[in-house]
$ cat target-v4.pdb   # PDB, C-alpha atoms, pLDDT in the B column
MODEL        1
ATOM      1  CA  GLU A  27      10.372   6.170   2.991  1.00 61.00           C
ATOM      2  CA  THR A  28       9.939   8.573   0.105  1.00 66.00           C
ATOM      3  CA  GLY A  29       9.387  12.293   0.598  1.00 86.00           C
ATOM      4  CA  VAL A  30       5.885  12.057  -0.891  1.00 94.00           C
ATOM      5  CA  THR A  31       3.095  12.500   1.652  1.00 94.00           C
ATOM      6  CA  GLN A  32      -0.617  12.060   1.126  1.00 96.00           C
ATOM      7  CA  SER A  33      -3.576  13.082   3.241  1.00 95.00           C
ATOM      8  CA  PRO A  34      -5.804  11.801   4.585  1.00 96.00           C
ATOM      9  CA  THR A  35      -4.701   8.176   4.910  1.00 95.00           C
ATOM     10  CA  HIS A  36      -8.255   6.871   5.140  1.00 96.00           C
ATOM     11  CA  LEU A  37     -11.597   8.355   4.173  1.00 96.00           C
ATOM     12  CA  ILE A  38     -15.196   7.176   4.113  1.00 98.00           C
ATOM     13  CA  LYS A  39     -17.677   9.002   1.906  1.00 98.00           C
ATOM     14  CA  THR A  40     -21.253   8.503   0.829  1.00 98.00           C
ATOM     15  CA  ARG A  41     -22.248   7.912  -2.779  1.00 98.00           C
ATOM     16  CA  GLY A  42     -22.863  11.214  -4.545  1.00 98.00           C
ATOM     17  CA  GLN A  43     -20.539  13.231  -2.332  1.00 98.00           C
ATOM     18  CA  GLN A  44     -17.357  14.986  -3.405  1.00 98.00           C
ATOM     19  CA  VAL A  45     -13.861  14.311  -2.077  1.00 98.00           C
ATOM     20  CA  THR A  46     -10.476  16.046  -2.222  1.00 98.00           C
ATOM     21  CA  LEU A  47      -7.236  14.153  -1.729  1.00 98.00           C
ATOM     22  CA  ARG A  48      -3.918  15.898  -1.201  1.00 98.00           C
ATOM     23  CA  CYS A  49      -0.339  15.143  -2.089  1.00 97.00           C
ATOM     24  CA  SER A  50       2.903  16.833  -1.179  1.00 94.00           C
ATOM     25  CA  SER A  51       5.631  15.936  -3.660  1.00 90.00           C
ATOM     26  CA  GLN A  52       9.230  15.161  -2.909  1.00 86.00           C
ATOM     27  CA  SER A  53      11.549  18.137  -2.782  1.00 83.00           C
ATOM     28  CA  GLY A  54      12.873  19.031  -6.226  1.00 82.00           C
ATOM     29  CA  HIS A  55      10.145  17.124  -8.069  1.00 86.00           C
ATOM     30  CA  ASN A  56       7.954  19.106 -10.473  1.00 87.00           C
ATOM     31  CA  THR A  57       5.794  16.308 -11.860  1.00 90.00           C
ATOM     32  CA  VAL A  58       2.956  14.665 -10.005  1.00 93.00           C
ATOM     33  CA  SER A  59       0.885  11.715 -11.178  1.00 93.00           C
ATOM     34  CA  TRP A  60      -2.211  10.176  -9.627  1.00 97.00           C
ATOM     35  CA  TYR A  61      -3.146   6.517  -9.784  1.00 97.00           C
ATOM     36  CA  GLN A  62      -6.157   4.506  -8.691  1.00 97.00           C
ATOM     37  CA  GLN A  63      -5.500   1.034  -7.328  1.00 95.00           C
ATOM     38  CA  ALA A  64      -8.606  -1.083  -6.954  1.00 94.00           C
ATOM     39  CA  LEU A  65      -8.452  -4.137  -4.750  1.00 91.00           C
ATOM     40  CA  GLY A  66      -6.399  -6.886  -6.354  1.00 88.00           C
ATOM     41  CA  GLN A  67      -5.367  -4.730  -9.279  1.00 92.00           C
ATOM     42  CA  GLY A  68      -2.343  -2.765 -10.364  1.00 93.00           C
ATOM     43  CA  PRO A  69      -2.372   1.025 -10.237  1.00 95.00           C
ATOM     44  CA  GLN A  70      -4.259   2.713 -13.078  1.00 96.00           C
ATOM     45  CA  PHE A  71      -3.100   6.102 -14.321  1.00 94.00           C
ATOM     46  CA  ILE A  72      -5.572   8.944 -13.725  1.00 97.00           C
ATOM     47  CA  PHE A  73      -3.639  12.040 -14.781  1.00 94.00           C
ATOM     48  CA  GLN A  74      -0.318  13.836 -14.528  1.00 92.00           C
ATOM     49  CA  TYR A  75       0.623  17.438 -13.788  1.00 92.00           C
ATOM     50  CA  TYR A  76       3.817  19.135 -14.826  1.00 89.00           C
ATOM     51  CA  ARG A  77       4.484  22.668 -13.634  1.00 87.00           C
ATOM     52  CA  GLU A  78       0.836  23.250 -12.777  1.00 90.00           C
ATOM     53  CA  GLU A  79      -0.588  22.014 -16.076  1.00 91.00           C
ATOM     54  CA  GLU A  80      -2.239  18.706 -16.841  1.00 91.00           C
ATOM     55  CA  ASN A  81      -0.109  16.953 -19.452  1.00 86.00           C
ATOM     56  CA  GLY A  82      -1.593  13.493 -19.604  1.00 88.00           C
ATOM     57  CA  ARG A  83      -4.821  11.778 -18.663  1.00 92.00           C
ATOM     58  CA  GLY A  84      -5.932   8.202 -18.428  1.00 92.00           C
ATOM     59  CA  ASN A  85      -9.315   6.687 -19.097  1.00 93.00           C
ATOM     60  CA  PHE A  86     -11.182   8.363 -16.260  1.00 97.00           C
ATOM     61  CA  PRO A  87     -14.332  10.499 -16.513  1.00 97.00           C
ATOM     62  CA  PRO A  88     -14.293  14.291 -16.104  1.00 97.00           C
ATOM     63  CA  ARG A  89     -15.602  14.054 -12.560  1.00 98.00           C
ATOM     64  CA  PHE A  90     -11.994  13.180 -11.714  1.00 98.00           C
ATOM     65  CA  SER A  91     -10.094  16.455 -11.743  1.00 97.00           C
ATOM     66  CA  GLY A  92      -6.934  17.827 -10.269  1.00 96.00           C
ATOM     67  CA  LEU A  93      -4.726  20.746  -9.517  1.00 95.00           C
ATOM     68  CA  GLN A  94      -1.045  21.346  -9.053  1.00 95.00           C
ATOM     69  CA  PHE A  95       0.138  24.322  -7.036  1.00 93.00           C
ATOM     70  CA  PRO A  96       3.238  26.501  -7.452  1.00 91.00           C
ATOM     71  CA  ASN A  97       5.036  24.482  -4.777  1.00 89.00           C
ATOM     72  CA  TYR A  98       4.231  21.359  -6.875  1.00 90.00           C
ATOM     73  CA  SER A  99       1.859  19.893  -4.328  1.00 93.00           C
ATOM     74  CA  SER A 100      -1.317  18.516  -5.840  1.00 96.00           C
ATOM     75  CA  GLU A 101      -4.963  17.714  -5.256  1.00 97.00           C
ATOM     76  CA  LEU A 102      -7.224  15.073  -6.716  1.00 98.00           C
ATOM     77  CA  ASN A 103     -10.926  15.901  -6.698  1.00 98.00           C
ATOM     78  CA  VAL A 104     -13.661  13.406  -7.372  1.00 98.00           C
ATOM     79  CA  ASN A 105     -17.252  14.561  -7.755  1.00 97.00           C
ATOM     80  CA  ALA A 106     -20.441  12.534  -7.601  1.00 98.00           C
ATOM     81  CA  LEU A 107     -18.746   9.594  -5.923  1.00 98.00           C
ATOM     82  CA  GLU A 108     -19.749   6.104  -7.007  1.00 98.00           C
ATOM     83  CA  LEU A 109     -19.302   2.844  -5.156  1.00 97.00           C
ATOM     84  CA  ASP A 110     -16.683   1.750  -7.734  1.00 97.00           C
ATOM     85  CA  ASP A 111     -14.532   4.724  -6.770  1.00 98.00           C
ATOM     86  CA  SER A 112     -13.593   2.827  -3.621  1.00 98.00           C
ATOM     87  CA  ALA A 113      -9.851   2.224  -3.996  1.00 97.00           C
ATOM     88  CA  LEU A 114      -6.381   3.178  -2.862  1.00 95.00           C
ATOM     89  CA  TYR A 115      -5.383   6.459  -4.495  1.00 97.00           C
ATOM     90  CA  LEU A 116      -1.671   6.873  -5.012  1.00 96.00           C
ATOM     91  CA  CYS A 117       0.265  10.001  -5.744  1.00 95.00           C
ATOM     92  CA  ALA A 118       3.708   9.820  -7.326  1.00 94.00           C
ATOM     93  CA  SER A 119       6.230  12.537  -7.912  1.00 92.00           C
ATOM     94  CA  SER A 120       9.215  12.655 -10.213  1.00 88.00           C
ATOM     95  CA  THR A 121      11.606  15.031 -11.882  1.00 83.00           C
ATOM     96  CA  ARG A 122      11.047  15.524 -15.547  1.00 72.00           C
ATOM     97  CA  GLN A 123      14.707  15.423 -16.387  1.00 56.00           C
ATOM     98  CA  GLY A 124      14.130  12.521 -18.650  1.00 59.00           C
ATOM     99  CA  GLU A 125      11.607   9.795 -19.107  1.00 65.00           C
ATOM    100  CA  ALA A 126      13.983   7.351 -17.491  1.00 71.00           C
ATOM    101  CA  THR A 127      13.443   8.754 -14.027  1.00 80.00           C
ATOM    102  CA  GLU A 128      11.556   6.659 -11.547  1.00 85.00           C
ATOM    103  CA  ALA A 129       8.467   7.886  -9.754  1.00 88.00           C
ATOM    104  CA  PHE A 130       8.312   7.973  -5.970  1.00 91.00           C
ATOM    105  CA  PHE A 131       4.990   7.080  -4.421  1.00 94.00           C
ATOM    106  CA  GLY A 132       3.220   8.227  -1.314  1.00 94.00           C
ATOM    107  CA  GLN A 133       1.572   5.803   1.088  1.00 94.00           C
ATOM    108  CA  GLY A 134      -1.803   6.347  -0.516  1.00 95.00           C
ATOM    109  CA  THR A 135      -5.286   7.371   0.565  1.00 96.00           C
ATOM    110  CA  ARG A 136      -7.775   4.572   1.096  1.00 96.00           C
ATOM    111  CA  LEU A 137     -11.169   5.838  -0.052  1.00 97.00           C
ATOM    112  CA  THR A 138     -14.283   3.887   0.798  1.00 98.00           C
ATOM    113  CA  VAL A 139     -17.578   4.933  -0.772  1.00 98.00           C
ATOM    114  CA  VAL A 140     -20.694   3.607   0.937  1.00 97.00           C
TER     115      VAL A 140
ATOM    116  CA  ALA B   1      -0.535   0.896 -26.523  1.00 79.00           C
ATOM    117  CA  GLN B   2       1.715  -0.196 -23.744  1.00 85.00           C
ATOM    118  CA  SER B   3       0.905  -3.207 -21.623  1.00 92.00           C
ATOM    119  CA  VAL B   4       2.465  -5.373 -18.964  1.00 96.00           C
ATOM    120  CA  ALA B   5       1.653  -8.955 -18.103  1.00 97.00           C
ATOM    121  CA  GLN B   6       2.533 -10.655 -14.864  1.00 97.00           C
ATOM    122  CA  PRO B   7       1.435 -14.214 -15.529  1.00 96.00           C
ATOM    123  CA  GLU B   8       1.555 -15.431 -11.929  1.00 97.00           C
ATOM    124  CA  ASP B   9      -0.843 -14.080  -9.331  1.00 96.00           C
ATOM    125  CA  GLN B  10       1.115 -15.826  -6.580  1.00 97.00           C
ATOM    126  CA  VAL B  11       4.640 -17.141  -6.196  1.00 98.00           C
ATOM    127  CA  ASN B  12       5.628 -19.269  -3.227  1.00 98.00           C
ATOM    128  CA  VAL B  13       9.257 -19.929  -2.374  1.00 98.00           C
ATOM    129  CA  ALA B  14      11.125 -21.317   0.594  1.00 98.00           C
ATOM    130  CA  GLU B  15      13.417 -19.023   2.514  1.00 98.00           C
ATOM    131  CA  GLY B  16      16.959 -19.237   1.193  1.00 97.00           C
ATOM    132  CA  ASN B  17      15.880 -20.426  -2.245  1.00 98.00           C
ATOM    133  CA  PRO B  18      16.181 -18.284  -5.358  1.00 97.00           C
ATOM    134  CA  LEU B  19      13.082 -16.457  -6.487  1.00 97.00           C
ATOM    135  CA  THR B  20      11.825 -15.263  -9.845  1.00 98.00           C
ATOM    136  CA  VAL B  21       8.830 -13.038 -10.500  1.00 98.00           C
ATOM    137  CA  LYS B  22       7.934 -12.908 -14.168  1.00 98.00           C
ATOM    138  CA  CYS B  23       7.038  -9.905 -16.311  1.00 98.00           C
ATOM    139  CA  THR B  24       6.501  -9.461 -20.035  1.00 97.00           C
ATOM    140  CA  TYR B  25       5.752  -6.193 -21.734  1.00 96.00           C
ATOM    141  CA  SER B  26       4.522  -4.679 -24.938  1.00 93.00           C
ATOM    142  CA  VAL B  27       5.567  -1.218 -26.097  1.00 89.00           C
ATOM    143  CA  SER B  28       5.904   0.389 -29.496  1.00 85.00           C
ATOM    144  CA  GLY B  29       9.420   1.712 -29.041  1.00 82.00           C
ATOM    145  CA  ASN B  30      12.258   1.215 -26.643  1.00 84.00           C
ATOM    146  CA  PRO B  31      10.987   0.536 -23.153  1.00 88.00           C
ATOM    147  CA  TYR B  32      11.848   1.877 -19.779  1.00 91.00           C
ATOM    148  CA  LEU B  33      11.073  -0.890 -17.287  1.00 94.00           C
ATOM    149  CA  PHE B  34      10.570  -0.698 -13.544  1.00 95.00           C
ATOM    150  CA  TRP B  35       9.875  -2.952 -10.589  1.00 97.00           C
ATOM    151  CA  TYR B  36       8.066  -1.753  -7.504  1.00 97.00           C
ATOM    152  CA  VAL B  37       7.158  -3.519  -4.270  1.00 97.00           C
ATOM    153  CA  GLN B  38       4.113  -2.881  -2.109  1.00 95.00           C
ATOM    154  CA  TYR B  39       3.792  -3.904   1.512  1.00 91.00           C
ATOM    155  CA  PRO B  40       0.344  -4.087   3.172  1.00 85.00           C
ATOM    156  CA  ASN B  41      -1.386  -0.719   3.492  1.00 77.00           C
ATOM    157  CA  ARG B  42       1.582   1.052   1.973  1.00 80.00           C
ATOM    158  CA  GLY B  43       2.445   2.828  -1.238  1.00 85.00           C
ATOM    159  CA  LEU B  44       4.803   1.482  -3.867  1.00 92.00           C
ATOM    160  CA  GLN B  45       8.522   1.385  -3.271  1.00 94.00           C
ATOM    161  CA  PHE B  46      10.929   1.576  -6.194  1.00 94.00           C
ATOM    162  CA  LEU B  47      13.245  -1.446  -6.536  1.00 96.00           C
ATOM    163  CA  LEU B  48      15.064  -1.064  -9.832  1.00 95.00           C
ATOM    164  CA  LYS B  49      14.831   0.069 -13.425  1.00 94.00           C
ATOM    165  CA  TYR B  50      16.156  -0.760 -16.860  1.00 94.00           C
ATOM    166  CA  ILE B  51      16.870   2.123 -19.171  1.00 89.00           C
ATOM    167  CA  THR B  52      19.695   1.005 -21.427  1.00 85.00           C
ATOM    168  CA  GLY B  53      22.996  -0.798 -21.239  1.00 86.00           C
ATOM    169  CA  ASP B  54      23.567  -4.043 -19.367  1.00 89.00           C
ATOM    170  CA  ASN B  55      20.669  -6.433 -19.522  1.00 92.00           C
ATOM    171  CA  LEU B  56      21.134  -7.365 -15.870  1.00 95.00           C
ATOM    172  CA  VAL B  57      20.260  -4.527 -13.524  1.00 96.00           C
ATOM    173  CA  LYS B  58      20.760  -4.544  -9.780  1.00 95.00           C
ATOM    174  CA  GLY B  59      18.487  -2.824  -7.335  1.00 94.00           C
ATOM    175  CA  SER B  60      17.545  -2.480  -3.707  1.00 91.00           C
ATOM    176  CA  TYR B  61      17.497  -5.264  -1.089  1.00 92.00           C
ATOM    177  CA  GLY B  62      19.522  -7.680  -3.246  1.00 95.00           C
ATOM    178  CA  PHE B  63      17.020  -7.785  -6.098  1.00 97.00           C
ATOM    179  CA  GLU B  64      18.053  -7.844  -9.725  1.00 97.00           C
ATOM    180  CA  ALA B  65      16.211  -8.075 -13.018  1.00 98.00           C
ATOM    181  CA  GLU B  66      17.127  -9.369 -16.433  1.00 96.00           C
ATOM    182  CA  PHE B  67      15.993  -7.539 -19.535  1.00 96.00           C
ATOM    183  CA  ASN B  68      15.460  -9.763 -22.580  1.00 96.00           C
ATOM    184  CA  LYS B  69      14.498  -7.805 -25.667  1.00 93.00           C
ATOM    185  CA  SER B  70      13.792 -10.800 -27.891  1.00 94.00           C
ATOM    186  CA  GLN B  71      11.396 -12.269 -25.345  1.00 95.00           C
ATOM    187  CA  THR B  72      10.106  -8.844 -24.243  1.00 95.00           C
ATOM    188  CA  SER B  73      10.623  -9.883 -20.655  1.00 97.00           C
ATOM    189  CA  PHE B  74      11.948  -8.266 -17.511  1.00 98.00           C
ATOM    190  CA  HIS B  75      11.935 -10.905 -14.788  1.00 98.00           C
ATOM    191  CA  LEU B  76      12.737  -9.976 -11.199  1.00 98.00           C
ATOM    192  CA  LYS B  77      15.167 -12.245  -9.385  1.00 98.00           C
ATOM    193  CA  LYS B  78      16.879 -12.701  -6.058  1.00 98.00           C
ATOM    194  CA  PRO B  79      19.462 -15.397  -5.315  1.00 97.00           C
ATOM    195  CA  SER B  80      18.258 -16.098  -1.765  1.00 97.00           C
ATOM    196  CA  ALA B  81      14.762 -15.183  -0.597  1.00 97.00           C
ATOM    197  CA  LEU B  82      13.970 -13.785   2.835  1.00 97.00           C
ATOM    198  CA  VAL B  83      10.677 -14.001   4.715  1.00 96.00           C
ATOM    199  CA  SER B  84      10.700 -10.199   4.754  1.00 95.00           C
ATOM    200  CA  ASP B  85      10.552 -10.211   0.927  1.00 96.00           C
ATOM    201  CA  SER B  86       6.932 -11.345   1.158  1.00 97.00           C
ATOM    202  CA  ALA B  87       4.930  -8.589  -0.511  1.00 97.00           C
ATOM    203  CA  LEU B  88       3.146  -7.587  -3.707  1.00 97.00           C
ATOM    204  CA  TYR B  89       5.426  -6.912  -6.676  1.00 98.00           C
ATOM    205  CA  PHE B  90       4.546  -4.766  -9.664  1.00 98.00           C
ATOM    206  CA  CYS B  91       6.248  -4.517 -13.012  1.00 97.00           C
ATOM    207  CA  ALA B  92       5.738  -1.282 -14.968  1.00 95.00           C
ATOM    208  CA  VAL B  93       6.683   0.036 -18.383  1.00 93.00           C
ATOM    209  CA  ARG B  94       6.930   3.426 -19.990  1.00 88.00           C
ATOM    210  CA  ASP B  95       8.059   4.178 -23.535  1.00 78.00           C
ATOM    211  CA  ILE B  96      10.536   6.871 -24.439  1.00 68.00           C
ATOM    212  CA  ARG B  97       7.827   9.426 -25.169  1.00 69.00           C
ATOM    213  CA  ASN B  98       7.314   9.902 -21.432  1.00 65.00           C
ATOM    214  CA  THR B  99       3.953   8.235 -21.462  1.00 75.00           C
ATOM    215  CA  PRO B 100       2.618   7.342 -18.023  1.00 83.00           C
ATOM    216  CA  LEU B 101       3.743   4.241 -16.223  1.00 88.00           C
ATOM    217  CA  VAL B 102       1.620   1.227 -17.084  1.00 92.00           C
ATOM    218  CA  PHE B 103       1.540  -1.406 -14.370  1.00 95.00           C
ATOM    219  CA  GLY B 104       0.893  -5.096 -14.356  1.00 96.00           C
ATOM    220  CA  LYS B 105      -1.701  -6.592 -12.040  1.00 96.00           C
ATOM    221  CA  GLY B 106       0.923  -7.590  -9.539  1.00 97.00           C
ATOM    222  CA  THR B 107       2.363 -10.839  -8.209  1.00 98.00           C
ATOM    223  CA  ARG B 108       2.089 -11.755  -4.575  1.00 97.00           C
ATOM    224  CA  LEU B 109       5.321 -13.277  -3.311  1.00 97.00           C
ATOM    225  CA  SER B 110       5.160 -15.467  -0.260  1.00 97.00           C
ATOM    226  CA  VAL B 111       8.439 -16.611   1.265  1.00 97.00           C
ATOM    227  CA  ILE B 112       7.985 -19.468   3.683  1.00 96.00           C
ATOM    228  CA  ALA B 113      10.375 -20.067   6.551  1.00 94.00           C
TER     229      ALA B 113
ENDMDL
END
$ encode --input "target-v4.pdb" --output "structure tokens"
Amino acid sequence: ETGVTQSPTHLIKTRGQQVTLRCSSQSGHNTVSWYQQALGQGPQFIFQYYREEENGRGNFPPRFSGLQFPNYSSELNVNALELDDSALYLCASSTRQGEATEAFFGQGTRLTVV
Amino acid sequence: AQSVAQPEDQVNVAEGNPLTVKCTYSVSGNPYLFWYVQYPNRGLQFLLKYITGDNLVKGSYGFEAEFNKSQTSFHLKKPSALVSDSALYFCAVRDIRNTPLVFGKGTRLSVIA
């Protein structure tokens, strides 16, 4: 098991609602990335935070937003939920001591939008 | 833009036989390559990575991968498959500019006793 924890593990929301997902990074890691994994697909990069600032974003609309806190934990917020937002959301943490470092993933949050 | 292709959605192998899960990549510069495994209802677990040096890299649980620059491939291998290896395997690439990891669609490995 990695030291990355995500909460909640499962969530059901109604279309149009807002949701906040949380991630606690592994000790010593200052970079957090969020991925969306739709059923039968590989993870798709949403955005990355390094020392509390967003420093990379994938092809996701602005209603996907995030935060990173001084302790390097992170939140993913999604507004105006759509049915297609149903997916497994993965958080990954890493040290930014070089691009060669691997990312360690949490167990994910399964979001279902009905 | 970076991309990863995993040409097989499913690989079936008998327990004790060698296994190969294929991956090809496209990246503008030198690649950093990774393999991850995902068990049902779980996150991704890191298996191994290629950064530089020997083309054959060894990782967790007896897995290894061979980097081939001319064929832009990074196939995952194991000499003797176990039933417990049955899972979803993802290949991922990042270039040296610290761009985000780009994943393939995944290959489901089924090891049959």
$ closest_residue --input "target-v4.pdb" --among "A:Trp60, A:Phe71, A:Phe86, A:Tyr98" --to "chain B" --atoms "only C-alpha atoms"
A:Phe71
$ interface_residues --input "target-v4.pdb" --of "chain B" --to "chain A" --cutoff "9 Å" --atoms "only C-alpha atoms" --output "list in words"
Tyr32, Leu33, Phe34, Asn41, Arg42, Gly43, Leu44, Gln45, Phe46, Leu48, Lys49, Tyr50, Ile51, Phe90, Arg94, Asp95, Ile96, Arg97, Asn98, Thr99, Pro100, Leu101, Val102, Phe103, Gly104, Lys105 and Gly106 of chain B
$ resolve_selection --input "target-v4.pdb" --expression "the PyMOL selection byres ((chain A and resi 103) around 6)" --output "list of chain:residue names"
A:Val45, A:Thr46, A:Phe90, A:Ser91, A:Gly92, A:Leu102, A:Val104
$ atom_distance --input "target-v4.pdb" --atom1 "atom CA of Ser70 of chain B" --atom2 "atom CA of Thr24 of chain B"
10.8 Å
$ atom_distance --input "target-v4.pdb" --atom1 "atom CA of Glu64 of chain B" --atom2 "atom CA of Thr52 of chain B"
14.8 Å
$ atom_distance --input "target-v4.pdb" --atom1 "atom CA of Ala92 of chain B" --atom2 "atom CA of Ser110 of chain B"
20.4 Å
$ residues_around --input "target-v4.pdb" --residues "Arg41 of chain A" --least-positions-apart "6" --cutoff "10 Å" --atoms "all atoms listed in the file" --output "PDB file with C-alpha atoms, in the coordinates of the input"
ATOM      1  CA  ASN A 105     -17.252  14.561  -7.755  1.00 97.00           C
ATOM      2  CA  ALA A 106     -20.441  12.534  -7.601  1.00 98.00           C
ATOM      3  CA  LEU A 107     -18.746   9.594  -5.923  1.00 98.00           C
ATOM      4  CA  GLU A 108     -19.749   6.104  -7.007  1.00 98.00           C
ATOM      5  CA  LEU A 109     -19.302   2.844  -5.156  1.00 97.00           C
ATOM      6  CA  ASP A 110     -16.683   1.750  -7.734  1.00 97.00           C
ATOM      7  CA  ASP A 111     -14.532   4.724  -6.770  1.00 98.00           C
ATOM      8  CA  THR A 138     -14.283   3.887   0.798  1.00 98.00           C
ATOM      9  CA  VAL A 139     -17.578   4.933  -0.772  1.00 98.00           C
ATOM     10  CA  VAL A 140     -20.694   3.607   0.937  1.00 97.00           C
TER      11      VAL A 140
END
$ closest_residue --input "target-v4.pdb" --among "A:Thr57, A:Ser120, A:Ala113, A:Gly42" --to "Pro96 of chain A" --atoms "all atoms listed in the file"
A:Thr57
$ residues_near_point --input "target-v4.pdb" --point "(0.8, 19.6, -8.5)" --cutoff "9 Å" --atoms "only C-alpha atoms" --output "number ranges by chain"
A: 49-51, 56-59, 74-80, 92-101, 119
$ write_last_selection --input "target-v4.pdb" --atoms "C-alpha atoms" --output "mmCIF file, in the coordinates of the input"
data_model
loop_
_atom_site.group_PDB
_atom_site.id
_atom_site.type_symbol
_atom_site.label_atom_id
_atom_site.label_comp_id
_atom_site.auth_asym_id
_atom_site.auth_seq_id
_atom_site.Cartn_x
_atom_site.Cartn_y
_atom_site.Cartn_z
ATOM 1 C CA CYS A 49 -0.339 15.143 -2.089
ATOM 2 C CA SER A 50 2.903 16.833 -1.179
ATOM 3 C CA SER A 51 5.631 15.936 -3.660
ATOM 4 C CA ASN A 56 7.954 19.106 -10.473
ATOM 5 C CA THR A 57 5.794 16.308 -11.860
ATOM 6 C CA VAL A 58 2.956 14.665 -10.005
ATOM 7 C CA SER A 59 0.885 11.715 -11.178
ATOM 8 C CA GLN A 74 -0.318 13.836 -14.528
ATOM 9 C CA TYR A 75 0.623 17.438 -13.788
ATOM 10 C CA TYR A 76 3.817 19.135 -14.826
ATOM 11 C CA ARG A 77 4.484 22.668 -13.634
ATOM 12 C CA GLU A 78 0.836 23.250 -12.777
ATOM 13 C CA GLU A 79 -0.588 22.014 -16.076
ATOM 14 C CA GLU A 80 -2.239 18.706 -16.841
ATOM 15 C CA GLY A 92 -6.934 17.827 -10.269
ATOM 16 C CA LEU A 93 -4.726 20.746 -9.517
ATOM 17 C CA GLN A 94 -1.045 21.346 -9.053
ATOM 18 C CA PHE A 95 0.138 24.322 -7.036
ATOM 19 C CA PRO A 96 3.238 26.501 -7.452
ATOM 20 C CA ASN A 97 5.036 24.482 -4.777
ATOM 21 C CA TYR A 98 4.231 21.359 -6.875
ATOM 22 C CA SER A 99 1.859 19.893 -4.328
ATOM 23 C CA SER A 100 -1.317 18.516 -5.840
ATOM 24 C CA GLU A 101 -4.963 17.714 -5.256
ATOM 25 C CA SER A 119 6.230 12.537 -7.912
#
$ resolve_selection --input "target-v4.pdb" --expression "the PyMOL selection byres ((chain B and resi 89) around 10)" --output "number ranges by chain"
A: 68; B: 6, 9-10, 21-22, 35-39, 44-45, 47, 76, 85-88, 90-91, 104-109
$ write_last_selection --input "target-v4.pdb" --atoms "C-alpha atoms" --output "PDB file, keeping the file's coordinate frame"
ATOM      1  CA  GLY A  68      -2.343  -2.765 -10.364  1.00 93.00           C
TER       2      GLY A  68
ATOM      3  CA  GLN B   6       2.533 -10.655 -14.864  1.00 97.00           C
ATOM      4  CA  ASP B   9      -0.843 -14.080  -9.331  1.00 96.00           C
ATOM      5  CA  GLN B  10       1.115 -15.826  -6.580  1.00 97.00           C
ATOM      6  CA  VAL B  21       8.830 -13.038 -10.500  1.00 98.00           C
ATOM      7  CA  LYS B  22       7.934 -12.908 -14.168  1.00 98.00           C
ATOM      8  CA  TRP B  35       9.875  -2.952 -10.589  1.00 97.00           C
ATOM      9  CA  TYR B  36       8.066  -1.753  -7.504  1.00 97.00           C
ATOM     10  CA  VAL B  37       7.158  -3.519  -4.270  1.00 97.00           C
ATOM     11  CA  GLN B  38       4.113  -2.881  -2.109  1.00 95.00           C
ATOM     12  CA  TYR B  39       3.792  -3.904   1.512  1.00 91.00           C
ATOM     13  CA  LEU B  44       4.803   1.482  -3.867  1.00 92.00           C
ATOM     14  CA  GLN B  45       8.522   1.385  -3.271  1.00 94.00           C
ATOM     15  CA  LEU B  47      13.245  -1.446  -6.536  1.00 96.00           C
ATOM     16  CA  LEU B  76      12.737  -9.976 -11.199  1.00 98.00           C
ATOM     17  CA  ASP B  85      10.552 -10.211   0.927  1.00 96.00           C
ATOM     18  CA  SER B  86       6.932 -11.345   1.158  1.00 97.00           C
ATOM     19  CA  ALA B  87       4.930  -8.589  -0.511  1.00 97.00           C
ATOM     20  CA  LEU B  88       3.146  -7.587  -3.707  1.00 97.00           C
ATOM     21  CA  PHE B  90       4.546  -4.766  -9.664  1.00 98.00           C
ATOM     22  CA  CYS B  91       6.248  -4.517 -13.012  1.00 97.00           C
ATOM     23  CA  GLY B 104       0.893  -5.096 -14.356  1.00 96.00           C
ATOM     24  CA  LYS B 105      -1.701  -6.592 -12.040  1.00 96.00           C
ATOM     25  CA  GLY B 106       0.923  -7.590  -9.539  1.00 97.00           C
ATOM     26  CA  THR B 107       2.363 -10.839  -8.209  1.00 98.00           C
ATOM     27  CA  ARG B 108       2.089 -11.755  -4.575  1.00 97.00           C
ATOM     28  CA  LEU B 109       5.321 -13.277  -3.311  1.00 97.00           C
TER      29      LEU B 109
END
$ resolve_selection --input "target-v4.pdb" --expression "the PyMOL selection byres ((chain B and resi 28) around 8)" --output "list of chain:residue names"
B:Ala1, B:Gln2, B:Ser26, B:Val27, B:Gly29, B:Asn30, B:Asp95
$ axis_aligned_box --input "target-v4.pdb" --around "segment 50-57 of chain A" --padding-each-side "5 Å" --output "JSON"
{"center_x": 7.9, "center_y": 17.1, "center_z": -6.5, "size_x": 20.0, "size_y": 13.9, "size_z": 20.7}
$ closest_residue --input "target-v4.pdb" --among "B:Val13, B:Ala113, B:Pro40, B:His75" --to "Val57 of chain B" --atoms "all atoms listed in the file"
B:His75
$ residues_near_point --input "target-v4.pdb" --point "(11.1, -12.0, 0.4)" --cutoff "6 Å" --atoms "all atoms listed in the file" --output "list in words"
Ala81, Leu82, Val83, Ser84, Asp85, Ser86 and Val111 of chain B
$ closest_residue --input "target-v4.pdb" --among "B:Ala5, B:Cys23, B:Pro18, B:Asn55" --to "Lys69 of chain B" --atoms "only C-alpha atoms"
B:Asn55
